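Listing of entry_18.pdb; format and content: PDB, C-alpha atoms.
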```pdb
MODEL        1
ATOM      1  CA  MET A  24     -33.189 -11.180   8.969
ATOM      2  CA  ASN A  25     -33.204  -7.441   8.132
ATOM      3  CA  GLU A  26     -31.291  -6.737  11.307
ATOM      4  CA  LEU A  27     -28.699  -9.338  10.325
ATOM      5  CA  VAL A  28     -28.386  -7.847   6.833
ATOM      6  CA  GLU A  29     -27.694  -4.384   8.295
ATOM      7  CA  LYS A  30     -25.186  -5.855  10.747
ATOM      8  CA  LEU A  31     -23.400  -7.651   7.916
ATOM      9  CA  LYS A  32     -23.170  -4.437   5.907
ATOM     10  CA  SER A  33     -21.411  -2.658   8.782
ATOM     11  CA  GLU A  34     -19.134  -5.624   9.465
ATOM     12  CA  ILE A  35     -18.134  -5.891   5.818
ATOM     13  CA  ILE A  36     -17.336  -2.171   5.585
ATOM     14  CA  GLU A  37     -15.144  -2.430   8.667
ATOM     15  CA  GLN A  38     -13.487  -5.769   7.908
ATOM     16  CA  LEU A  39     -12.786  -5.021   4.247
ATOM     17  CA  ASN A  40     -11.759  -1.375   4.813
ATOM     18  CA  LEU A  41     -14.380  -0.009   2.426
ATOM     19  CA  ALA A  42     -13.800   3.440   3.828
ATOM     20  CA  ASP A  43     -15.767   5.332   1.196
ATOM     21  CA  LEU A  44     -18.995   3.408   1.812
ATOM     22  CA  THR A  45     -21.773   3.563   4.392
ATOM     23  CA  PRO A  46     -24.307   0.760   4.987
ATOM     24  CA  ALA A  47     -26.903   2.803   3.091
ATOM     25  CA  ASP A  48     -24.697   2.723  -0.026
ATOM     26  CA  ILE A  49     -24.768  -1.063  -0.185
ATOM     27  CA  ASP A  50     -27.567  -2.908  -1.967
ATOM     28  CA  ALA A  51     -27.992  -6.164  -0.050
ATOM     29  CA  ALA A  52     -29.126  -7.918  -3.224
ATOM     30  CA  ALA A  53     -26.234  -6.682  -5.410
ATOM     31  CA  PRO A  54     -23.358  -8.993  -6.347
ATOM     32  CA  LEU A  55     -20.449  -8.879  -3.901
ATOM     33  CA  PHE A  56     -17.888  -9.768  -6.558
ATOM     34  CA  GLY A  57     -17.426  -8.382 -10.042
ATOM     35  CA  ALA A  58     -19.803  -5.497 -10.697
ATOM     36  CA  GLY A  59     -21.382  -4.802  -7.255
ATOM     37  CA  LEU A  60     -18.886  -4.099  -4.480
ATOM     38  CA  GLY A  61     -16.008  -5.243  -6.680
ATOM     39  CA  LEU A  62     -14.434  -7.434  -4.013
ATOM     40  CA  ASP A  63     -11.375  -9.572  -4.758
ATOM     41  CA  SER A  64     -10.096 -13.006  -3.749
ATOM     42  CA  ILE A  65      -8.519 -11.766  -0.493
ATOM     43  CA  ASP A  66     -11.848 -10.166   0.408
ATOM     44  CA  ALA A  67     -13.497 -13.543  -0.166
ATOM     45  CA  LEU A  68     -11.182 -15.107   2.414
ATOM     46  CA  GLU A  69     -11.947 -12.251   4.812
ATOM     47  CA  LEU A  70     -15.676 -12.910   4.430
ATOM     48  CA  ILE A  71     -15.145 -16.572   5.346
ATOM     49  CA  VAL A  72     -13.236 -15.489   8.477
ATOM     50  CA  LEU A  73     -15.929 -12.897   9.293
ATOM     51  CA  MET A  74     -18.709 -15.514   9.095
ATOM     52  CA  GLU A  75     -16.879 -17.786  11.519
ATOM     53  CA  LYS A  76     -15.520 -15.137  13.888
ATOM     54  CA  ASN A  77     -18.632 -12.952  14.193
ATOM     55  CA  HIS A  78     -21.417 -15.456  13.558
ATOM     56  CA  GLY A  79     -19.959 -18.853  14.439
ATOM     57  CA  VAL A  80     -20.760 -20.250  10.999
ATOM     58  CA  LYS A  81     -18.114 -22.206   9.113
ATOM     59  CA  VAL A  82     -17.986 -22.544   5.351
ATOM     60  CA  THR A  83     -16.596 -26.036   4.944
ATOM     61  CA  ASP A  84     -17.589 -26.931   1.392
ATOM     62  CA  PRO A  85     -15.800 -24.736  -1.206
ATOM     63  CA  LYS A  86     -18.528 -25.634  -3.739
ATOM     64  CA  GLU A  87     -21.069 -23.856  -1.566
ATOM     65  CA  ALA A  88     -19.044 -20.629  -1.367
ATOM     66  CA  LYS A  89     -20.140 -19.258  -4.739
ATOM     67  CA  ASN A  90     -23.803 -19.372  -3.682
ATOM     68  CA  ILE A  91     -23.213 -18.188  -0.109
ATOM     69  CA  PHE A  92     -21.253 -15.119  -1.164
ATOM     70  CA  THR A  93     -23.462 -14.077  -4.074
ATOM     71  CA  SER A  94     -24.793 -11.114  -2.088
ATOM     72  CA  ILE A  95     -25.239  -9.884   1.476
ATOM     73  CA  ASN A  96     -28.752 -11.341   1.399
ATOM     74  CA  SER A  97     -27.408 -14.796   0.547
ATOM     75  CA  MET A  98     -24.793 -14.517   3.324
ATOM     76  CA  ALA A  99     -27.516 -13.596   5.817
ATOM     77  CA  GLN A 100     -29.646 -16.515   4.635
ATOM     78  CA  TYR A 101     -26.759 -18.970   5.073
ATOM     79  CA  ILE A 102     -26.006 -17.660   8.574
ATOM     80  CA  THR A 103     -29.682 -17.937   9.551
ATOM     81  CA  ASP A 104     -29.918 -21.493   8.221
ATOM     82  CA  ASN A 105     -26.675 -22.732   9.758
ATOM     83  CA  LYS A 106     -26.280 -20.909  13.074
ATOM     84  CA  LYS A 107     -26.347 -23.394  15.939
TER      85      LYS A 107
ATOM     86  CA  MET B  13      27.304   6.605 -17.045
ATOM     87  CA  ASN B  14      25.820  10.013 -16.275
ATOM     88  CA  LEU B  15      22.633   9.643 -14.268
ATOM     89  CA  THR B  16      20.453  12.410 -12.928
ATOM     90  CA  VAL B  17      18.123  12.710  -9.953
ATOM     91  CA  THR B  18      15.031  14.042 -11.718
ATOM     92  CA  SER B  19      12.560  14.329  -8.831
ATOM     93  CA  TYR B  20      12.318  13.532  -5.141
ATOM     94  CA  CYS B  21       9.982  13.644  -2.187
ATOM     95  CA  GLN B  22      10.266  13.363   1.564
ATOM     96  CA  ILE B  23       7.478  12.527   3.965
ATOM     97  CA  ASN B  24       7.595  12.474   7.749
ATOM     98  CA  SER B  25       5.490  13.803  10.603
ATOM     99  CA  GLU B  26       7.116  17.225  10.365
ATOM    100  CA  ARG B  27       7.577  17.899   6.682
ATOM    101  CA  ILE B  28       6.379  16.830   3.270
ATOM    102  CA  VAL B  29       8.615  18.100   0.495
ATOM    103  CA  VAL B  30       8.235  17.409  -3.231
ATOM    104  CA  ASN B  31      10.989  18.670  -5.516
ATOM    105  CA  GLY B  32      11.820  21.330  -2.943
ATOM    106  CA  ALA B  33       8.232  22.525  -2.434
ATOM    107  CA  GLU B  34       6.581  22.068   0.955
ATOM    108  CA  LEU B  35       3.110  20.540   1.323
ATOM    109  CA  PRO B  36       0.906  20.732   4.439
ATOM    110  CA  VAL B  37       1.433  17.830   6.854
ATOM    111  CA  PRO B  38      -1.830  16.251   8.084
ATOM    112  CA  ILE B  39      -1.434  15.196  11.701
ATOM    113  CA  SER B  40      -3.689  12.737  13.565
ATOM    114  CA  ASP B  41      -5.030  13.230  17.110
ATOM    115  CA  GLY B  42      -2.054  11.221  18.363
ATOM    116  CA  GLY B  43       0.365  13.713  16.836
ATOM    117  CA  LYS B  44       1.473  11.337  14.070
ATOM    118  CA  LEU B  45       1.373  11.755  10.320
ATOM    119  CA  ASP B  46      -2.144  10.851   9.121
ATOM    120  CA  LEU B  47      -1.736   8.865   5.903
ATOM    121  CA  LYS B  48      -5.461   8.632   5.135
ATOM    122  CA  THR B  49      -5.893  12.390   5.348
ATOM    123  CA  LEU B  50      -2.834  12.865   3.148
ATOM    124  CA  TYR B  51      -4.424  10.498   0.613
ATOM    125  CA  LYS B  52      -7.593  12.631   0.579
ATOM    126  CA  GLN B  53      -5.531  15.823   0.447
ATOM    127  CA  LEU B  54      -3.850  14.590  -2.725
ATOM    128  CA  ASN B  55      -7.225  13.958  -4.424
ATOM    129  CA  ILE B  56      -6.357  10.417  -5.432
ATOM    130  CA  GLN B  57      -9.127   8.017  -6.440
ATOM    131  CA  TYR B  58      -7.826   4.536  -5.673
ATOM    132  CA  PRO B  59     -10.076   2.682  -3.165
ATOM    133  CA  LYS B  60      -7.522  -0.116  -2.777
ATOM    134  CA  PHE B  61      -5.433   2.367  -0.779
ATOM    135  CA  TYR B  62      -7.663   1.721   2.243
ATOM    136  CA  LYS B  63      -6.906  -2.000   2.120
ATOM    137  CA  MET B  64      -3.125  -1.520   2.210
ATOM    138  CA  ASP B  65      -1.048  -1.733   5.358
ATOM    139  CA  ALA B  66       0.745   1.392   6.594
ATOM    140  CA  LEU B  67       4.037   0.575   4.832
ATOM    141  CA  CYS B  68       2.289   0.204   1.491
ATOM    142  CA  GLN B  69       0.174   3.313   2.060
ATOM    143  CA  LEU B  70       3.326   5.321   2.771
ATOM    144  CA  GLY B  71       5.161   3.955  -0.282
ATOM    145  CA  PHE B  72       2.080   4.435  -2.431
ATOM    146  CA  LEU B  73       1.652   8.088  -1.409
ATOM    147  CA  ALA B  74       5.351   8.862  -1.864
ATOM    148  CA  SER B  75       5.300   7.255  -5.319
ATOM    149  CA  GLU B  76       2.192   9.240  -6.269
ATOM    150  CA  LEU B  77       3.950  12.458  -5.292
ATOM    151  CA  ILE B  78       7.061  11.512  -7.285
ATOM    152  CA  ILE B  79       5.099  10.540 -10.383
ATOM    153  CA  LYS B  80       2.731  13.510 -10.216
ATOM    154  CA  GLY B  81       5.760  15.747  -9.817
ATOM    155  CA  ASN B  82       7.639  14.203 -12.764
ATOM    156  CA  SER B  83       5.244  13.272 -15.545
ATOM    157  CA  GLN B  84       7.993  12.100 -17.896
ATOM    158  CA  LEU B  85       8.209   8.906 -15.819
ATOM    159  CA  LYS B  86       4.960   7.904 -17.533
ATOM    160  CA  ASN B  87       6.658   8.058 -20.947
ATOM    161  CA  TYR B  88       8.779   4.960 -20.408
ATOM    162  CA  ALA B  89       7.752   1.458 -21.463
ATOM    163  CA  ASP B  90       6.398  -0.730 -18.655
ATOM    164  CA  ASP B  91       9.596  -2.763 -18.346
ATOM    165  CA  GLU B  92      11.923   0.241 -18.409
ATOM    166  CA  VAL B  93      11.037   1.606 -14.959
ATOM    167  CA  ALA B  94      12.829  -0.149 -12.109
ATOM    168  CA  MET B  95      12.140   0.236  -8.396
ATOM    169  CA  ILE B  96      14.517  -0.277  -5.485
ATOM    170  CA  LEU B  97      13.146   0.384  -2.025
ATOM    171  CA  THR B  98      14.739  -0.024   1.384
ATOM    172  CA  ASN B  99      13.852   0.295   5.047
ATOM    173  CA  LYS B 100      14.789  -0.791   8.561
ATOM    174  CA  SER B 101      11.693  -2.514   9.942
ATOM    175  CA  SER B 102      10.775  -4.573   6.886
ATOM    176  CA  SER B 103       7.066  -5.497   7.265
ATOM    177  CA  LEU B 104       7.317  -5.872  11.051
ATOM    178  CA  ASP B 105       4.258  -3.683  11.644
ATOM    179  CA  SER B 106       2.019  -6.144   9.781
ATOM    180  CA  ASP B 107       3.997  -9.164  11.008
ATOM    181  CA  LEU B 108       3.137  -8.246  14.607
ATOM    182  CA  LYS B 109      -0.546  -7.695  13.750
ATOM    183  CA  HIS B 110      -0.632 -11.125  12.153
ATOM    184  CA  GLN B 111       1.148 -12.720  15.103
ATOM    185  CA  LYS B 112      -1.365 -11.162  17.494
ATOM    186  CA  SER B 113      -4.207 -12.783  15.557
ATOM    187  CA  ILE B 114      -2.725 -16.282  15.921
ATOM    188  CA  ASN B 115      -1.296 -16.164  19.473
ATOM    189  CA  ASP B 116      -4.423 -17.477  21.159
ATOM    190  CA  LEU B 117      -5.516 -20.919  19.945
ATOM    191  CA  ASP B 118      -8.991 -20.339  21.392
ATOM    192  CA  ASN B 119      -9.354 -17.124  19.428
ATOM    193  CA  PHE B 120      -7.483 -18.070  16.268
ATOM    194  CA  PHE B 121      -8.654 -15.839  13.425
ATOM    195  CA  PRO B 122      -5.735 -14.827  11.185
ATOM    196  CA  SER B 123      -6.797 -12.153   8.723
ATOM    197  CA  PRO B 124      -5.899 -12.908   5.090
ATOM    198  CA  ALA B 125      -5.915  -9.166   4.401
ATOM    199  CA  VAL B 126      -3.223  -8.623   7.062
ATOM    200  CA  PHE B 127      -1.238 -11.735   6.110
ATOM    201  CA  VAL B 128      -0.770 -10.622   2.486
ATOM    202  CA  TYR B 129       1.209  -7.629   3.743
ATOM    203  CA  THR B 130       3.715  -9.614   5.792
ATOM    204  CA  LEU B 131       6.451  -9.021   3.214
ATOM    205  CA  PRO B 132       7.994  -5.588   2.564
ATOM    206  CA  ASN B 133       8.206  -6.068  -1.198
ATOM    207  CA  ILE B 134       4.406  -6.032  -1.395
ATOM    208  CA  ALA B 135       4.859  -2.244  -1.266
ATOM    209  CA  LEU B 136       6.711  -2.514  -4.580
ATOM    210  CA  GLY B 137       3.874  -4.617  -5.944
ATOM    211  CA  GLU B 138       1.248  -2.047  -5.011
ATOM    212  CA  ILE B 139       3.167   0.735  -6.771
ATOM    213  CA  ALA B 140       3.823  -1.514  -9.773
ATOM    214  CA  ILE B 141       0.124  -2.434 -10.091
ATOM    215  CA  ARG B 142      -0.968   1.169  -9.823
ATOM    216  CA  ASN B 143       1.440   2.327 -12.554
ATOM    217  CA  SER B 144       1.855  -0.853 -14.645
ATOM    218  CA  PHE B 145       5.580  -0.861 -13.900
ATOM    219  CA  LYS B 146       7.132  -4.189 -14.874
ATOM    220  CA  GLY B 147      10.833  -3.397 -14.578
ATOM    221  CA  GLU B 148      13.379  -4.777 -12.126
ATOM    222  CA  ASN B 149      12.408  -4.380  -8.490
ATOM    223  CA  SER B 150      13.893  -5.313  -5.143
ATOM    224  CA  PHE B 151      13.453  -4.412  -1.504
ATOM    225  CA  PHE B 152      16.495  -4.315   0.793
ATOM    226  CA  ILE B 153      16.702  -3.965   4.571
ATOM    227  CA  PHE B 154      19.283  -1.588   6.088
ATOM    228  CA  GLU B 155      19.792  -0.052   9.509
ATOM    229  CA  SER B 156      19.355   3.416   8.012
ATOM    230  CA  PHE B 157      19.088   5.105   4.605
ATOM    231  CA  ASN B 158      22.106   3.861   2.657
ATOM    232  CA  ALA B 159      23.093   6.373  -0.022
ATOM    233  CA  ASP B 160      26.298   4.473  -0.844
ATOM    234  CA  PHE B 161      24.303   1.342  -1.665
ATOM    235  CA  PHE B 162      22.141   3.241  -4.149
ATOM    236  CA  ALA B 163      25.159   4.980  -5.668
ATOM    237  CA  THR B 164      26.675   1.573  -6.433
ATOM    238  CA  TYR B 165      23.611  -0.502  -7.270
ATOM    239  CA  VAL B 166      21.586   1.891  -9.441
ATOM    240  CA  PRO B 167      24.238   2.446 -12.169
ATOM    241  CA  GLU B 168      24.668  -1.328 -12.414
ATOM    242  CA  LEU B 169      20.931  -1.684 -13.057
ATOM    243  CA  PHE B 170      21.026   0.917 -15.806
ATOM    244  CA  GLU B 171      24.022  -0.774 -17.432
ATOM    245  CA  SER B 172      22.874  -4.375 -17.222
ATOM    246  CA  GLY B 173      19.313  -4.486 -18.500
ATOM    247  CA  ASP B 174      16.308  -2.626 -19.839
ATOM    248  CA  THR B 175      16.209  -0.035 -17.048
ATOM    249  CA  LYS B 176      15.888   3.539 -18.332
ATOM    250  CA  ALA B 177      14.333   5.089 -15.221
ATOM    251  CA  LEU B 178      14.286   4.164 -11.565
ATOM    252  CA  ILE B 179      12.297   5.027  -8.487
ATOM    253  CA  GLY B 180      14.291   4.348  -5.369
ATOM    254  CA  GLY B 181      14.539   5.244  -1.735
ATOM    255  CA  TRP B 182      13.517   4.562   1.818
ATOM    256  CA  ILE B 183      10.046   3.836   3.225
ATOM    257  CA  GLU B 184       9.938   3.140   6.947
ATOM    258  CA  ALA B 185       6.683   2.525   8.795
ATOM    259  CA  PHE B 186       6.485   1.140  12.307
ATOM    260  CA  GLU B 187       3.943   1.827  15.045
ATOM    261  CA  ASN B 188       2.595   4.916  13.279
ATOM    262  CA  ASN B 189       6.020   6.451  12.834
ATOM    263  CA  PHE B 190       6.566   7.169   9.172
ATOM    264  CA  GLU B 191       9.488   8.280   7.073
ATOM    265  CA  ALA B 192       9.723   8.199   3.299
ATOM    266  CA  PHE B 193      12.365   9.502   0.943
ATOM    267  CA  LEU B 194      11.872   8.591  -2.695
ATOM    268  CA  PHE B 195      13.723   9.832  -5.751
ATOM    269  CA  SER B 196      13.661   9.170  -9.473
ATOM    270  CA  VAL B 197      16.788   8.594 -11.534
ATOM    271  CA  GLU B 198      17.007   8.936 -15.299
ATOM    272  CA  LYS B 199      19.579   9.364 -18.040
ATOM    273  CA  GLN B 200      17.978  12.667 -19.014
ATOM    274  CA  THR B 201      17.149  15.819 -17.074
ATOM    275  CA  GLY B 202      13.806  16.212 -15.328
ATOM    276  CA  VAL B 203      11.846  18.562 -13.108
ATOM    277  CA  ILE B 204      15.000  18.975 -11.120
ATOM    278  CA  ASP B 205      18.462  18.238 -12.396
ATOM    279  CA  MET B 206      20.967  16.963  -9.886
ATOM    280  CA  PRO B 207      23.864  14.594 -10.429
ATOM    281  CA  PHE B 208      23.101  11.138  -9.095
ATOM    282  CA  ASN B 209      25.683  10.221  -6.469
ATOM    283  CA  ALA B 210      25.851   9.310  -2.780
ATOM    284  CA  ALA B 211      26.668  12.838  -1.598
ATOM    285  CA  GLN B 212      23.665  14.278  -3.424
ATOM    286  CA  LEU B 213      21.328  11.609  -2.045
ATOM    287  CA  LYS B 214      22.597  12.245   1.490
ATOM    288  CA  LYS B 215      21.940  15.959   1.095
ATOM    289  CA  LEU B 216      18.404  15.386  -0.159
ATOM    290  CA  TYR B 217      17.690  12.828   2.559
ATOM    291  CA  ASN B 218      18.854  15.272   5.228
ATOM    292  CA  PHE B 219      16.716  18.147   3.847
ATOM    293  CA  GLU B 220      19.872  20.111   3.100
ATOM    294  CA  THR B 221      19.533  22.963   0.645
ATOM    295  CA  VAL B 222      20.927  21.847  -2.685
TER     296      VAL B 222
ENDMDL
END
```
Rewrite the structure from the file as structure tokens, please.
Amino acid sequence: MNELVEKLKSEIIEQLNLADLTPADIDAAAPLFGAGLGLDSIDALELIVLMEKNHGVKVTDPKEAKNIFTSINSMAQYITDNKK
Amino acid sequence: MNLTVTSYCQINSERIVVNGAELPVPISDGGKLDLKTLYKQLNIQYPKFYKMDALCQLGFLASELIIKGNSQLKNYADDEVAMILTNKSSSLDSDLKHQKSINDLDNFFPSPAVFVYTLPNIALGEIAIRNSFKGENSFFIFESFNADFFATYVPELFESGDTKALIGGWIEAFENNFEAFLFSVEKQTGVIDMPFNAAQLKKLYNFETV
């Protein structure tokens, strides 16, 4: 799980062009939206694509998205639980 | 109506000029203008820059240079500053990136962050958001910089609505080749004071001494 969390940090920095950040700067438990990384709605769509493209996990129920993308930890948990 | 060119800047891989003063040109390993290094060089704090496509980054940087170099542009009300930008390649750079991501049905992962930049007028939006400009704005496509178009269109804008200042020009970005020429137009004098007309714009665009 820790390995996955670190991988997700690097993928998010690359995919979302967070050029000023390194994985060490990101708190895996911090909110992705609002205060934490301050991501926006386009970033949210990118995260959905990233989950499917890099981890083969689809987010099919929009109601689930809020919980899945709470933090990097919650993303990692969802991938672990749903990876085939 | 007497209009004045009150500031201008030019950016390409050989020269960066703001109101006649030269700035160092950051060049990448490939010998092209390096927009990200230019951003750092200008000491701007705006993380969204990194999310923009190359066309928007170029327009953003040129607008920052214009506005930094002519602070009276900040004195106008939000809806009094108009923007008219032009180029040749529209948003083709991002269009092709998007197309590449959807060509293969077995590897079909279009990027929302690329897709949002598949319109050239998004560059206007980025500058407007940064500066809270809410005036008239349009993006036109021409084969090359069209001074005659600006000489005709800009006075009409000033005469027909709320426009009291305008940022206009050319931002071309395709396959890491960049060229920007932006200028501000006002009814009053500014950092520089040149009559606004097609001949003057052509001179400035061609780096001719004025």
Evaluate the ChimeraX specification (/A :<12) & /B here and jot the selected residues down as number ranges by chain. B: 48, 52, 57-65, 113, 118-129
Correct to one decimal, the distance atom CA of B:Lys109-atom CA of A:Ile102 is 27.8 Å
Nearby residues (only C-alpha atoms) at most 9 Å from B:Ser75, same-chain spacing under 4 positions excluded, as a PDB file with C-alpha atoms, keeping the file's coordinate frame:
```pdb
ATOM      1  CA  CYS B  21       9.982  13.644  -2.187  1.00  0.00           C
ATOM      2  CA  LEU B  70       3.326   5.321   2.771  1.00  0.00           C
ATOM      3  CA  GLY B  71       5.161   3.955  -0.282  1.00  0.00           C
ATOM      4  CA  ILE B  79       5.099  10.540 -10.383  1.00  0.00           C
ATOM      5  CA  LYS B  80       2.731  13.510 -10.216  1.00  0.00           C
ATOM      6  CA  ILE B 139       3.167   0.735  -6.771  1.00  0.00           C
ATOM      7  CA  ILE B 179      12.297   5.027  -8.487  1.00  0.00           C
ATOM      8  CA  LEU B 194      11.872   8.591  -2.695  1.00  0.00           C
ATOM      9  CA  PHE B 195      13.723   9.832  -5.751  1.00  0.00           C
TER      10      PHE B 195
END
```
List as a PyMOL selection string the residues having at least one atom at most 12 Å from position (-22.1, -2.3, 10.1) as given in the file, counting only C-alpha atoms. chain A and resi 26-42+44-49+77+95
Please determine, counting only C-alpha atoms, which residue among A:Ser97, A:Lys86, A:Met74, A:Asn105 has the shortest atom-to-atom distance to A:Leu55. A:Ser97
Could you give me, as a short mmCIF file (atom, residue, chain, number, x, y, z; two decimals) with C-alpha atoms, in the coordinates of the input, the residues that have an atom at most 9 Å away from the point (19.9, -3.9, -1.5) in the coordinates of the file, using all atoms listed in the file?
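Saved file part26.cif follows:
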```cif
data_model
loop_
_atom_site.label_atom_id
_atom_site.label_comp_id
_atom_site.auth_asym_id
_atom_site.auth_seq_id
_atom_site.Cartn_x
_atom_site.Cartn_y
_atom_site.Cartn_z
CA ILE B 96 14.52 -0.28 -5.48
CA LEU B 97 13.15 0.38 -2.02
CA THR B 98 14.74 -0.02 1.38
CA SER B 150 13.89 -5.31 -5.14
CA PHE B 151 13.45 -4.41 -1.50
CA PHE B 152 16.50 -4.32 0.79
CA ILE B 153 16.70 -3.96 4.57
CA PHE B 154 19.28 -1.59 6.09
CA PHE B 161 24.30 1.34 -1.66
CA PHE B 162 22.14 3.24 -4.15
CA TYR B 165 23.61 -0.50 -7.27
#
```
In Å, rounded to a single decimal, give me how far atom CA of B:Ser19 is from atom CA of B:Asn55. 20.3 Å
For the provided coordinates, the residues matched by the PyMOL selection byres ((chain B and resi 143-148) around 7) should be stated as a ChimeraX atom specification. /B:90-95,139-142,149,175
Using C-alpha atoms, can you export the residues from the last selection as an mmCIF file, in the coordinates of the input?
```cif
data_model
loop_
_atom_site.group_PDB
_atom_site.id
_atom_site.type_symbol
_atom_site.label_atom_id
_atom_site.label_comp_id
_atom_site.auth_asym_id
_atom_site.auth_seq_id
_atom_site.Cartn_x
_atom_site.Cartn_y
_atom_site.Cartn_z
ATOM 1 C CA ASP B 90 6.398 -0.730 -18.655
ATOM 2 C CA ASP B 91 9.596 -2.763 -18.346
ATOM 3 C CA GLU B 92 11.923 0.241 -18.409
ATOM 4 C CA VAL B 93 11.037 1.606 -14.959
ATOM 5 C CA ALA B 94 12.829 -0.149 -12.109
ATOM 6 C CA MET B 95 12.140 0.236 -8.396
ATOM 7 C CA ILE B 139 3.167 0.735 -6.771
ATOM 8 C CA ALA B 140 3.823 -1.514 -9.773
ATOM 9 C CA ILE B 141 0.124 -2.434 -10.091
ATOM 10 C CA ARG B 142 -0.968 1.169 -9.823
ATOM 11 C CA ASN B 149 12.408 -4.380 -8.490
ATOM 12 C CA THR B 175 16.209 -0.035 -17.048
#
```
Check what the PyMOL selection byres ((chain B and resi 190) around 10) selects in the file above and give those residues as a PyMOL selection string. chain B and resi 23-25+44-47+66-67+70+183-189+191-192
Expressed in Å to a single decimal, how great is the separation between atom CA of B:Met13 and atom CA of B:Ala163?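 Distance between the two atoms: 11.7 Å.
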Would you mind telling me which residue in B:Ala159, B:Gln69, B:Gly180, B:Thr18 lies nearest to B:Lys215 when using all atoms listed in the file?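 Of all the options, B:Ala159 lies closest to B:Lys215.
Residue nearest B:Tyr51 within the list B:Ala177, B:Ala89, B:Val197, B:Leu77: B:Leu77 [criterion: smallest interatomic distance, only C-alpha atoms].
Using all atoms listed in the file, the nearest neighbour of B:Tyr217 within the list B:Thr16, B:Phe193, B:Pro36, B:Ser156 is B:Phe193.
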Centre and edge lengths, as lines of an AutoDock Vina configuration file, for the axis-aligned box enclosing every listed atom of stretch 82-95 of chain B with 8 Å of padding on each of the six sides, in Å to one decimal?
```
center_x = 8.9
center_y = 5.7
center_z = -14.9
size_x = 23.9
size_y = 33.0
size_z = 29.1
```
For A:Tyr101, please output as a list in words all residues within 12 Å (counting all atoms listed in the file; exclusion window: fewer than 2 positions along the same chain). Met24, Leu27, Val28, Ile71, Met74, Glu75, His78, Gly79, Val80, Lys81, Val82, Glu87, Ala88, Lys89, Asn90, Ile91, Phe92, Thr93, Ser94, Ile95, Asn96, Ser97, Met98, Ala99, Thr103, Asp104, Asn105, Lys106 and Lys107 of chain A
